[in-house]
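> This is the content of target_20.cif (mmCIF, C-alpha atoms and all ligand atoms):
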```cif
data_structure
#
loop_
_atom_site.group_PDB
_atom_site.id
_atom_site.type_symbol
_atom_site.label_atom_id
_atom_site.label_comp_id
_atom_site.auth_asym_id
_atom_site.auth_seq_id
_atom_site.Cartn_x
_atom_site.Cartn_y
_atom_site.Cartn_z
ATOM 1 C CA MET S 1 2.450 -9.621 41.307
ATOM 2 C CA SER S 2 5.373 -11.928 40.643
ATOM 3 C CA LEU S 3 4.694 -14.948 38.525
ATOM 4 C CA PRO S 4 5.746 -18.481 39.299
ATOM 5 C CA SER S 5 8.742 -19.272 37.101
ATOM 6 C CA PRO S 6 9.359 -23.036 37.518
ATOM 7 C CA LEU S 7 7.668 -24.851 34.695
ATOM 8 C CA SER S 8 6.197 -27.250 37.244
ATOM 9 C CA SER S 9 3.791 -24.592 38.604
ATOM 10 C CA PRO S 10 0.145 -24.847 37.531
ATOM 11 C CA VAL S 11 0.274 -21.488 35.701
ATOM 12 C CA ALA S 12 3.397 -22.482 33.829
ATOM 13 C CA GLY S 13 1.900 -25.877 33.043
ATOM 14 C CA PHE S 14 -1.152 -24.150 31.574
ATOM 15 C CA VAL S 15 1.101 -21.910 29.429
ATOM 16 C CA VAL S 16 3.069 -24.903 28.127
ATOM 17 C CA ASP S 17 -0.111 -26.866 27.388
ATOM 18 C CA THR S 18 -1.715 -23.905 25.595
ATOM 19 C CA LEU S 19 1.360 -23.303 23.464
ATOM 20 C CA ARG S 20 1.732 -26.987 22.683
ATOM 21 C CA ALA S 21 -1.919 -27.258 21.681
ATOM 22 C CA ALA S 22 -1.398 -24.284 19.367
ATOM 23 C CA GLY S 23 1.412 -26.200 17.636
ATOM 24 C CA CYS S 24 4.449 -24.460 19.175
ATOM 25 C CA VAL S 25 7.259 -27.002 18.857
ATOM 26 C CA PHE S 26 9.427 -25.421 21.561
ATOM 27 C CA ALA S 27 6.542 -24.830 23.966
ATOM 28 C CA GLU S 28 8.628 -25.159 27.148
ATOM 29 C CA ASP S 29 11.348 -22.753 25.994
ATOM 30 C CA GLU S 30 8.760 -20.251 24.818
ATOM 31 C CA ALA S 31 6.818 -20.581 28.089
ATOM 32 C CA ARG S 32 9.984 -19.834 30.041
ATOM 33 C CA LEU S 33 10.583 -16.660 28.016
ATOM 34 C CA MET S 34 6.980 -15.500 28.402
ATOM 35 C CA LEU S 35 6.970 -16.198 32.136
ATOM 36 C CA SER S 36 10.016 -14.026 32.594
ATOM 37 C CA ALA S 37 8.690 -11.265 30.282
ATOM 38 C CA ALA S 38 5.234 -10.844 31.843
ATOM 39 C CA ARG S 39 4.877 -8.789 35.016
ATOM 40 C CA THR S 40 1.279 -9.829 35.765
ATOM 41 C CA ARG S 41 -1.028 -12.710 34.973
ATOM 42 C CA THR S 42 -3.017 -10.434 32.673
ATOM 43 C CA GLU S 43 0.137 -9.633 30.710
ATOM 44 C CA LEU S 44 1.042 -13.304 30.577
ATOM 45 C CA ALA S 45 -2.428 -14.226 29.315
ATOM 46 C CA ALA S 46 -2.110 -11.588 26.566
ATOM 47 C CA LEU S 47 1.323 -12.886 25.473
ATOM 48 C CA VAL S 48 0.136 -16.476 25.397
ATOM 49 C CA ALA S 49 -3.035 -15.591 23.487
ATOM 50 C CA ARG S 50 -1.052 -13.707 20.805
ATOM 51 C CA ARG S 51 1.454 -16.527 20.431
ATOM 52 C CA ALA S 52 -1.249 -19.208 20.348
ATOM 53 C CA GLY S 53 -2.940 -17.069 17.671
ATOM 54 C CA GLY S 54 0.113 -17.477 15.450
ATOM 55 C CA VAL S 55 2.080 -14.275 16.090
ATOM 56 C CA PRO S 56 5.852 -14.972 15.874
ATOM 57 C CA LEU S 57 7.447 -15.373 19.300
ATOM 58 C CA GLU S 58 9.826 -12.467 18.624
ATOM 59 C CA HIS S 59 6.931 -10.111 17.842
ATOM 60 C CA VAL S 60 5.181 -11.255 21.019
ATOM 61 C CA LEU S 61 8.253 -10.683 23.181
ATOM 62 C CA GLY S 62 9.420 -7.625 21.224
ATOM 63 C CA TRP S 63 12.943 -8.943 20.790
ATOM 64 C CA ALA S 64 15.059 -11.693 19.256
ATOM 65 C CA GLU S 65 18.426 -13.044 20.260
ATOM 66 C CA PHE S 66 20.982 -12.621 17.472
ATOM 67 C CA CYS S 67 24.721 -13.277 17.831
ATOM 68 C CA GLY S 68 24.316 -12.960 21.586
ATOM 69 C CA LEU S 69 22.611 -9.554 21.304
ATOM 70 C CA ARG S 70 19.042 -8.710 22.230
ATOM 71 C CA ILE S 71 17.584 -7.132 19.090
ATOM 72 C CA ALA S 72 14.290 -5.214 19.246
ATOM 73 C CA VAL S 73 11.766 -6.571 16.740
ATOM 74 C CA GLU S 74 8.778 -4.330 16.120
ATOM 75 C CA PRO S 75 5.482 -5.458 14.582
ATOM 76 C CA GLY S 76 5.615 -5.632 10.815
ATOM 77 C CA VAL S 77 9.398 -5.999 10.737
ATOM 78 C CA PHE S 78 11.164 -9.154 9.495
ATOM 79 C CA VAL S 79 12.360 -11.376 12.364
ATOM 80 C CA PRO S 80 16.131 -11.972 12.136
ATOM 81 C CA ARG S 81 16.759 -15.681 11.562
ATOM 82 C CA ARG S 82 19.309 -17.795 13.369
ATOM 83 C CA ARG S 83 20.947 -18.837 10.055
ATOM 84 C CA THR S 84 21.722 -15.182 9.310
ATOM 85 C CA GLU S 85 24.249 -15.231 12.157
ATOM 86 C CA PHE S 86 26.522 -16.900 9.585
ATOM 87 C CA LEU S 87 26.259 -13.852 7.298
ATOM 88 C CA ALA S 88 27.062 -11.581 10.258
ATOM 89 C CA ARG S 89 30.055 -13.704 11.258
ATOM 90 C CA GLU S 90 31.466 -13.846 7.724
ATOM 91 C CA ALA S 91 31.040 -10.074 7.396
ATOM 92 C CA ALA S 92 32.691 -9.396 10.750
ATOM 93 C CA ALA S 93 35.633 -11.601 9.752
ATOM 94 C CA LEU S 94 36.264 -9.336 6.732
ATOM 95 C CA ALA S 95 35.981 -6.039 8.634
ATOM 96 C CA ARG S 96 38.656 -4.205 10.640
ATOM 97 C CA PRO S 97 38.555 -1.178 12.927
ATOM 98 C CA GLY S 98 38.077 1.767 10.554
ATOM 99 C CA SER S 99 36.380 -0.342 7.846
ATOM 100 C CA VAL S 100 33.271 1.098 6.212
ATOM 101 C CA VAL S 101 30.475 -1.463 6.571
ATOM 102 C CA VAL S 102 27.051 -1.153 4.921
ATOM 103 C CA ASP S 103 24.081 -3.412 5.671
ATOM 104 C CA LEU S 104 21.564 -3.046 2.822
ATOM 105 C CA CYS S 105 18.000 -4.342 3.393
ATOM 106 C CA CYS S 106 18.793 -4.159 7.112
ATOM 107 C CA GLY S 107 15.362 -4.948 8.623
ATOM 108 C CA THR S 108 15.859 -4.696 12.393
ATOM 109 C CA GLY S 109 19.551 -3.918 11.817
ATOM 110 C CA ALA S 110 20.526 -7.194 13.494
ATOM 111 C CA VAL S 111 23.413 -7.951 11.126
ATOM 112 C CA ALA S 112 24.804 -4.418 11.335
ATOM 113 C CA ALA S 113 24.505 -4.525 15.135
ATOM 114 C CA ALA S 114 26.358 -7.848 15.309
ATOM 115 C CA VAL S 115 29.169 -6.574 13.063
ATOM 116 C CA ALA S 116 29.410 -3.311 15.017
ATOM 117 C CA ALA S 117 29.674 -5.289 18.263
ATOM 118 C CA ALA S 118 32.310 -7.635 16.846
ATOM 119 C CA VAL S 119 34.419 -4.919 15.165
ATOM 120 C CA PRO S 120 34.747 -1.859 17.384
ATOM 121 C CA GLY S 121 35.812 1.197 15.396
ATOM 122 C CA ALA S 122 34.086 0.143 12.154
ATOM 123 C CA GLU S 123 32.006 2.865 10.461
ATOM 124 C CA VAL S 124 28.626 1.151 10.137
ATOM 125 C CA HIS S 125 25.711 2.215 7.926
ATOM 126 C CA ALA S 126 22.416 0.401 7.395
ATOM 127 C CA SER S 127 19.464 1.039 5.105
ATOM 128 C CA ASP S 128 16.006 -0.267 4.350
ATOM 129 C CA VAL S 129 13.051 0.893 2.295
ATOM 130 C CA GLU S 130 10.410 0.098 4.960
ATOM 131 C CA PRO S 131 9.831 2.926 7.455
ATOM 132 C CA ALA S 132 8.988 0.432 10.257
ATOM 133 C CA ALA S 133 12.265 -1.408 9.687
ATOM 134 C CA VAL S 134 14.231 1.847 9.652
ATOM 135 C CA ARG S 135 12.654 2.934 12.969
ATOM 136 C CA CYS S 136 13.473 -0.432 14.506
ATOM 137 C CA ALA S 137 17.045 -0.452 13.140
ATOM 138 C CA ARG S 138 17.634 3.046 14.525
ATOM 139 C CA ARG S 139 16.650 1.714 17.957
ATOM 140 C CA ASN S 140 18.980 -1.260 17.646
ATOM 141 C CA LEU S 141 21.930 0.649 16.225
ATOM 142 C CA ALA S 142 21.848 3.862 18.257
ATOM 143 C CA ALA S 143 24.244 2.590 20.911
ATOM 144 C CA ALA S 144 26.733 1.475 18.248
ATOM 145 C CA GLY S 145 26.703 4.949 16.666
ATOM 146 C CA ALA S 146 25.699 3.442 13.310
ATOM 147 C CA ARG S 147 23.711 5.501 10.817
ATOM 148 C CA VAL S 148 20.444 4.192 9.365
ATOM 149 C CA HIS S 149 19.145 5.499 6.024
ATOM 150 C CA GLU S 150 15.662 5.086 4.538
ATOM 151 C CA GLY S 151 15.107 4.342 0.857
ATOM 152 C CA ASP S 152 15.533 1.945 -2.033
ATOM 153 C CA LEU S 153 18.807 -0.053 -1.808
ATOM 154 C CA TYR S 154 21.768 2.327 -2.403
ATOM 155 C CA ALA S 155 19.670 5.443 -3.104
ATOM 156 C CA PRO S 156 19.672 6.841 0.464
ATOM 157 C CA LEU S 157 23.375 6.193 1.187
ATOM 158 C CA PRO S 158 25.641 9.234 1.562
ATOM 159 C CA ALA S 159 27.308 9.868 -1.821
ATOM 160 C CA ASP S 160 30.740 10.008 -0.211
ATOM 161 C CA LEU S 161 30.535 6.254 0.507
ATOM 162 C CA ARG S 162 30.880 5.528 -3.230
ATOM 163 C CA GLY S 163 34.070 3.530 -3.815
ATOM 164 C CA ARG S 164 34.798 3.409 -0.057
ATOM 165 C CA VAL S 165 32.730 0.475 1.260
ATOM 166 C CA ASP S 166 34.928 -2.341 2.566
ATOM 167 C CA VAL S 167 32.145 -4.735 3.553
ATOM 168 C CA LEU S 168 28.752 -4.585 1.847
ATOM 169 C CA ILE S 169 26.137 -6.900 3.332
ATOM 170 C CA ALA S 170 22.730 -7.827 1.925
ATOM 171 C CA ASN S 171 20.179 -10.221 3.278
ATOM 172 C CA ALA S 172 17.685 -9.112 0.644
ATOM 173 C CA PRO S 173 14.376 -10.953 0.086
ATOM 174 C CA TYR S 174 15.120 -14.155 -1.830
ATOM 175 C CA VAL S 175 12.000 -16.321 -1.683
ATOM 176 C CA PRO S 176 10.698 -17.018 -5.219
ATOM 177 C CA THR S 177 7.182 -15.594 -5.573
ATOM 178 C CA HIS S 178 5.627 -19.015 -6.187
ATOM 179 C CA HIS S 179 7.105 -20.294 -2.874
ATOM 180 C CA ILE S 180 5.583 -17.548 -0.719
ATOM 181 C CA GLY S 181 2.419 -19.615 -0.226
ATOM 182 C CA LEU S 182 4.546 -22.464 1.184
ATOM 183 C CA LEU S 183 6.053 -20.333 3.968
ATOM 184 C CA PRO S 184 4.787 -20.875 7.507
ATOM 185 C CA PRO S 185 1.810 -18.630 8.378
ATOM 186 C CA GLU S 186 3.994 -16.812 10.932
ATOM 187 C CA ALA S 187 6.025 -15.394 8.064
ATOM 188 C CA ARG S 188 3.202 -15.014 5.537
ATOM 189 C CA ASP S 189 0.821 -13.273 7.931
ATOM 190 C CA HIS S 190 3.173 -11.237 10.111
ATOM 191 C CA GLU S 191 6.133 -10.232 7.981
ATOM 192 C CA PRO S 192 5.850 -7.799 5.068
ATOM 193 C CA LEU S 193 5.732 -9.377 1.619
ATOM 194 C CA LEU S 194 8.410 -6.880 0.607
ATOM 195 C CA ALA S 195 10.762 -8.555 3.100
ATOM 196 C CA LEU S 196 10.201 -12.023 1.634
ATOM 197 C CA ASP S 197 9.338 -11.906 -2.057
ATOM 198 C CA GLY S 198 12.383 -11.934 -4.316
ATOM 199 C CA GLY S 199 10.470 -12.178 -7.618
ATOM 200 C CA ALA S 200 10.098 -15.051 -10.086
ATOM 201 C CA ASP S 201 13.371 -16.842 -9.224
ATOM 202 C CA GLY S 202 13.925 -15.040 -5.907
ATOM 203 C CA LEU S 203 16.931 -13.085 -7.175
ATOM 204 C CA ASP S 204 15.424 -9.790 -8.375
ATOM 205 C CA VAL S 205 16.741 -7.695 -5.470
ATOM 206 C CA GLN S 206 20.017 -9.616 -5.199
ATOM 207 C CA ARG S 207 20.730 -8.867 -8.887
ATOM 208 C CA ARG S 208 20.157 -5.147 -8.338
ATOM 209 C CA VAL S 209 22.456 -5.262 -5.297
ATOM 210 C CA ALA S 210 25.174 -7.114 -7.238
ATOM 211 C CA THR S 211 24.988 -4.916 -10.338
ATOM 212 C CA ALA S 212 25.589 -1.687 -8.418
ATOM 213 C CA ALA S 213 28.011 -3.108 -5.832
ATOM 214 C CA PRO S 214 31.255 -2.349 -7.764
ATOM 215 C CA ASP S 215 30.381 1.394 -7.731
ATOM 216 C CA TRP S 216 30.230 1.384 -3.933
ATOM 217 C CA LEU S 217 32.964 -1.084 -2.983
ATOM 218 C CA ALA S 218 36.511 -0.029 -2.197
ATOM 219 C CA PRO S 219 39.219 -1.874 -4.194
ATOM 220 C CA GLY S 220 39.403 -5.355 -2.659
ATOM 221 C CA GLY S 221 36.111 -4.771 -0.783
ATOM 222 C CA ALA S 222 33.604 -7.583 -0.283
ATOM 223 C CA LEU S 223 29.924 -8.026 -1.024
ATOM 224 C CA LEU S 224 28.186 -10.705 1.076
ATOM 225 C CA ILE S 225 24.717 -11.934 0.097
ATOM 226 C CA GLU S 226 22.723 -14.512 2.054
ATOM 227 C CA THR S 227 21.045 -17.021 -0.226
ATOM 228 C CA SER S 228 19.832 -20.621 -0.177
ATOM 229 C CA GLU S 229 21.881 -23.674 -1.094
ATOM 230 C CA ASP S 230 19.771 -24.153 -4.252
ATOM 231 C CA GLN S 231 19.970 -20.525 -5.320
ATOM 232 C CA ALA S 232 23.676 -20.105 -4.516
ATOM 233 C CA PRO S 233 24.969 -20.827 -8.073
ATOM 234 C CA SER S 234 22.551 -18.215 -9.497
ATOM 235 C CA THR S 235 23.457 -15.687 -6.795
ATOM 236 C CA ALA S 236 27.162 -16.305 -7.519
ATOM 237 C CA ARG S 237 26.501 -15.767 -11.245
ATOM 238 C CA ALA S 238 24.753 -12.465 -10.498
ATOM 239 C CA VAL S 239 27.745 -11.389 -8.393
ATOM 240 C CA GLU S 240 30.160 -12.380 -11.177
ATOM 241 C CA ASP S 241 28.026 -10.603 -13.800
ATOM 242 C CA GLY S 242 28.295 -7.510 -11.596
ATOM 243 C CA GLY S 243 32.089 -7.679 -12.007
ATOM 244 C CA LEU S 244 33.104 -9.244 -8.670
ATOM 245 C CA VAL S 245 34.977 -12.489 -8.047
ATOM 246 C CA PRO S 246 32.515 -14.810 -6.276
ATOM 247 C CA ARG S 247 32.845 -17.721 -3.876
ATOM 248 C CA ILE S 248 30.237 -19.643 -1.930
ATOM 249 C CA ALA S 249 30.537 -20.074 1.857
ATOM 250 C CA GLU S 250 28.365 -22.541 3.745
ATOM 251 C CA SER S 251 27.619 -23.387 7.361
ATOM 252 C CA GLU S 252 26.331 -26.875 7.995
ATOM 253 C CA GLU S 253 25.654 -25.979 11.618
ATOM 254 C CA LEU S 254 23.302 -23.104 10.748
ATOM 255 C CA TYR S 255 22.180 -24.515 7.389
ATOM 256 C CA ALA S 256 23.194 -21.189 5.890
ATOM 257 C CA THR S 257 24.727 -20.100 2.590
ATOM 258 C CA VAL S 258 26.439 -16.829 1.745
ATOM 259 C CA VAL S 259 27.877 -15.714 -1.577
ATOM 260 C CA ILE S 260 30.922 -13.500 -1.177
ATOM 261 C CA GLY S 261 32.097 -11.340 -4.078
ATOM 262 C CA ILE S 262 35.422 -9.538 -3.965
ATOM 263 C CA ALA S 263 36.039 -6.315 -5.895
ATOM 264 C CA ARG S 264 39.128 -6.236 -8.086
ATOM 265 C CA ARG S 265 41.965 -4.067 -6.798
ATOM 266 C CA SER S 266 42.283 -2.202 -10.082
ATOM 267 C CA ARG S 267 39.322 -0.989 -12.128
HETATM 268 C C1 LIG S 301 14.761 -10.889 4.322
HETATM 269 S S1 LIG S 301 14.549 -9.330 5.128
HETATM 270 C C2 LIG S 301 16.140 -9.232 5.937
HETATM 271 C C3 LIG S 301 16.242 -8.233 7.044
HETATM 272 C C4 LIG S 301 17.587 -8.239 7.778
HETATM 273 N N1 LIG S 301 18.685 -8.002 6.858
HETATM 274 C C5 LIG S 301 17.797 -9.546 8.490
HETATM 275 O O1 LIG S 301 18.620 -10.348 8.054
HETATM 276 O O2 LIG S 301 17.126 -9.780 9.498
HETATM 277 C C6 LIG S 301 14.704 -8.242 3.744
HETATM 278 C C7 LIG S 301 14.629 -6.748 4.046
HETATM 279 O O3 LIG S 301 14.818 -6.066 2.790
HETATM 280 C C8 LIG S 301 14.030 -4.902 2.769
HETATM 281 N N2 LIG S 301 13.876 -4.522 1.368
HETATM 282 C C9 LIG S 301 13.182 -5.156 0.398
HETATM 283 N N3 LIG S 301 13.309 -4.514 -0.769
HETATM 284 C C10 LIG S 301 14.127 -3.447 -0.546
HETATM 285 C C11 LIG S 301 14.637 -2.403 -1.368
HETATM 286 N N4 LIG S 301 14.340 -2.330 -2.675
HETATM 287 N N5 LIG S 301 15.436 -1.480 -0.799
HETATM 288 C C12 LIG S 301 15.756 -1.558 0.519
HETATM 289 N N6 LIG S 301 15.289 -2.514 1.355
HETATM 290 C C13 LIG S 301 14.486 -3.452 0.817
HETATM 291 C C14 LIG S 301 12.769 -5.308 3.490
HETATM 292 O O4 LIG S 301 12.073 -4.179 3.966
HETATM 293 C C15 LIG S 301 13.317 -6.214 4.603
HETATM 294 O O5 LIG S 301 13.537 -5.492 5.775
#
```
What is this file in structure tokens?


Amino acid sequence: MSLPSPLSSPVAGFVVDTLRAAGCVFAEDEARLMLSAARTRTELAALVARRAGGVPLEHVLGWAEFCGLRIAVEPGVFVPRRRTEFLAREAAALARPGSVVVDLCCGTGAVAAAVAAAVPGAEVHASDVEPAAVRCARRNLAAAGARVHEGDLYAPLPADLRGRVDVLIANAPYVPTHHIGLLPPEARDHEPLLALDGGADGLDVQRRVATAAPDWLAPGGALLIETSEDQAPSTARAVEDGGLVPRIAESEELYATVVIGIARRSR
């Protein structure tokens, strides 16, 4: 059965009203996406019920748009955020065909997929410690020929990448533990704590990434870490303590902050 798509239809009106009543700010946009995703009214009712029950839209639909790509998002995997497109863009700007690119803490692999799409011929690797994220990233990165590794930060990377990585990307968890309770329920209830909680000041994982980065970067290679505006000076300090030369890049449009650390050309 085909569903009515104009939002003026009674079914569509019911979807919009239900979503709005559940507190969805972009009820009309979400209704449009659900109406085009569902093949039957039963499917539509199930999508709407899950969304109205607080499940993130991307988990309901099974995908998110990221840098113009449709990225599969499986249950229990962190939903790629719009602001992270800035990290992907900054990383792509530093990569060339033939560059070795590594996306640590890759989640769905959205950032690696965006860089692979923007820089044909780059050798792209991604890794995450969560098996669900690794499965999802493998789905998203198969077409790009990127390799996805499972394990703690650098541990699962092929040893021959040491000293050869041109662009090292990390959107690691950076929410301070005491802020987790302030996150919207969509994140708290549907994304793994491991994907969000960055420890007391939010920088525990970032510090580990920064400390080991010089061992993996090629001379002149770049480490890019997404962070918040408030945390940026501390992230930059961690990058500098790791032996890289840091700078802070910001996007007002996406309200996004990235710390970029460059490896010295001589060791
Ligand atoms: C904030 S999410 C970001 C996901 C993805 N990079 C993105 O931007 O959509 C952080 C990710 O880091 C992963 N992670 C947390 N601790 C890790 C660790 N020690 N080693 C590898 N991955 C880790 C989580 O499983 C999660 O997928």

> The PyMOL selection byres (((not hetatm)) within 7 of (chain S and resi 301)) - which residues does that actually catch in the file I just gave you? List them as a count of residues only.

31

> Can you write out as CSV which residues of region 30-91 of chain S fall within 12 Å of region 188-191 of chain S, alongside each residue's closest atom pair and its distance in Å to one decimal, counting all atoms listed in the file and ordering rows by chain and ascending residue number?


```
residue,atom,partner,partner_atom,distance
S:Arg50,CA,S:His190,CA,11.8
S:Arg51,CA,S:His190,CA,11.7
S:Gly53,CA,S:Asp189,CA,11.1
S:Gly54,CA,S:Asp189,CA,8.6
S:Val55,CA,S:His190,CA,6.8
S:Pro56,CA,S:His190,CA,7.4
S:Leu57,CA,S:His190,CA,10.9
S:Glu58,CA,S:His190,CA,10.9
S:His59,CA,S:His190,CA,8.7
S:Val60,CA,S:His190,CA,11.1
S:Val73,CA,S:Glu191,CA,11.0
S:Glu74,CA,S:Glu191,CA,10.4
S:Pro75,CA,S:His190,CA,7.7
S:Gly76,CA,S:Glu191,CA,5.4
S:Val77,CA,S:Glu191,CA,6.0
S:Phe78,CA,S:Glu191,CA,5.4
S:Val79,CA,S:Glu191,CA,7.7
S:Pro80,CA,S:Glu191,CA,11.0
```

> For region 238-243 of chain S, work out the shell of residues within 6 Å, counting all atoms listed in the file and skipping chain neighbours fewer than 5 positions away, then give it as a VMD selection string.

chain S and resid 207 210 to 211

> Just the number, please: distance in Å from CA of Asp29 (chain S) to CA of Glu226 (chain S), one decimal.

27.8 Å

> Could you write out as a count of residues only the residues that the PyMOL selection byres (((chain S and resi 203) around 10) and not hetatm) matches in the shown file?

22

> Give me, please, the distance in Å between CA of Ala22 (chain S) and CA of Ala187 (chain S), quoted to one decimal.

16.2 Å

> Check the smallest atom-to-atom distance from each of S:Phe86, S:Val124, S:Ala213, S:Ala31 to Glu252 (chain S) using all atoms listed in the file, then report the winner.

S:Phe86

> At a cut-off of 8 Å, using all atoms listed in the file, what residues contact Thr18 (chain S)? Leave out same-chain residues fewer than 4 positions from it and give the result as a list of chain:residue names.

S:Phe14, S:Ala22, S:Val48, S:Ala52

> In Å, rounded to a single decimal, give me how far CA of Gly163 (chain S) is from CA of Asp215 (chain S).

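Computing it gives 5.8 Å between the two atoms.
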
> Would you translate the PyMOL selection byres (((chain S and resi 254) around 8) and not hetatm) into the concrete set of residues it matches in this file, as number ranges by chain?

S: 82-83, 86, 251-253, 255-256

> Counting only C-alpha atoms, which residue out of S:Pro214, S:Gly62, S:Gly145, S:Pro233 sits closest to Ala112 (chain S)?

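Nearest to Ala112 (chain S): S:Gly145.
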
> Using only C-alpha atoms for the distances, tell me which of S:Ala236, S:Leu61, S:Cys24, S:Ile71 is nearest to Glu186 (chain S).

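Nearest to Glu186 (chain S): S:Cys24.
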
> Would you please work out which residue, of S:Ala37, S:Leu182, S:Leu87, S:Ala113, is nearest to Arg70 (chain S) when using all atoms listed in the file?

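Once distances to Arg70 (chain S) are computed over all atoms listed in the file, the minimum belongs to S:Ala113.
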
> Could you give me the axis-aligned bounding box of region 250-259 of chain S, with 4 Å of padding per side, as centre plus edge lengths in Å to one decimal, as JSON?


```
{"center_x": 25.3, "center_y": -21.3, "center_z": 5.0, "size_x": 14.2, "size_y": 19.2, "size_z": 21.2}
```

> What residues have an atom no more than 12 Å from (12.8, -10.4, 31.0) in the file's own frame, counting all atoms listed in the file, and can you write them as a list of chain:residue names?

S:Leu3, S:Ser5, S:Arg32, S:Leu33, S:Met34, S:Leu35, S:Ser36, S:Ala37, S:Ala38, S:Arg39, S:Leu61, S:Gly62, S:Trp63, S:Arg70

> Taking only C-alpha atoms into account, which of S:Arg20, S:Val115, S:Pro10, S:Glu229 comes nearest Leu69 (chain S)?

S:Val115

> Pick the closest to Ala117 (chain S) from S:Phe66, S:Val167, S:Glu150, S:Val25: which is it, counting only C-alpha atoms?

S:Phe66
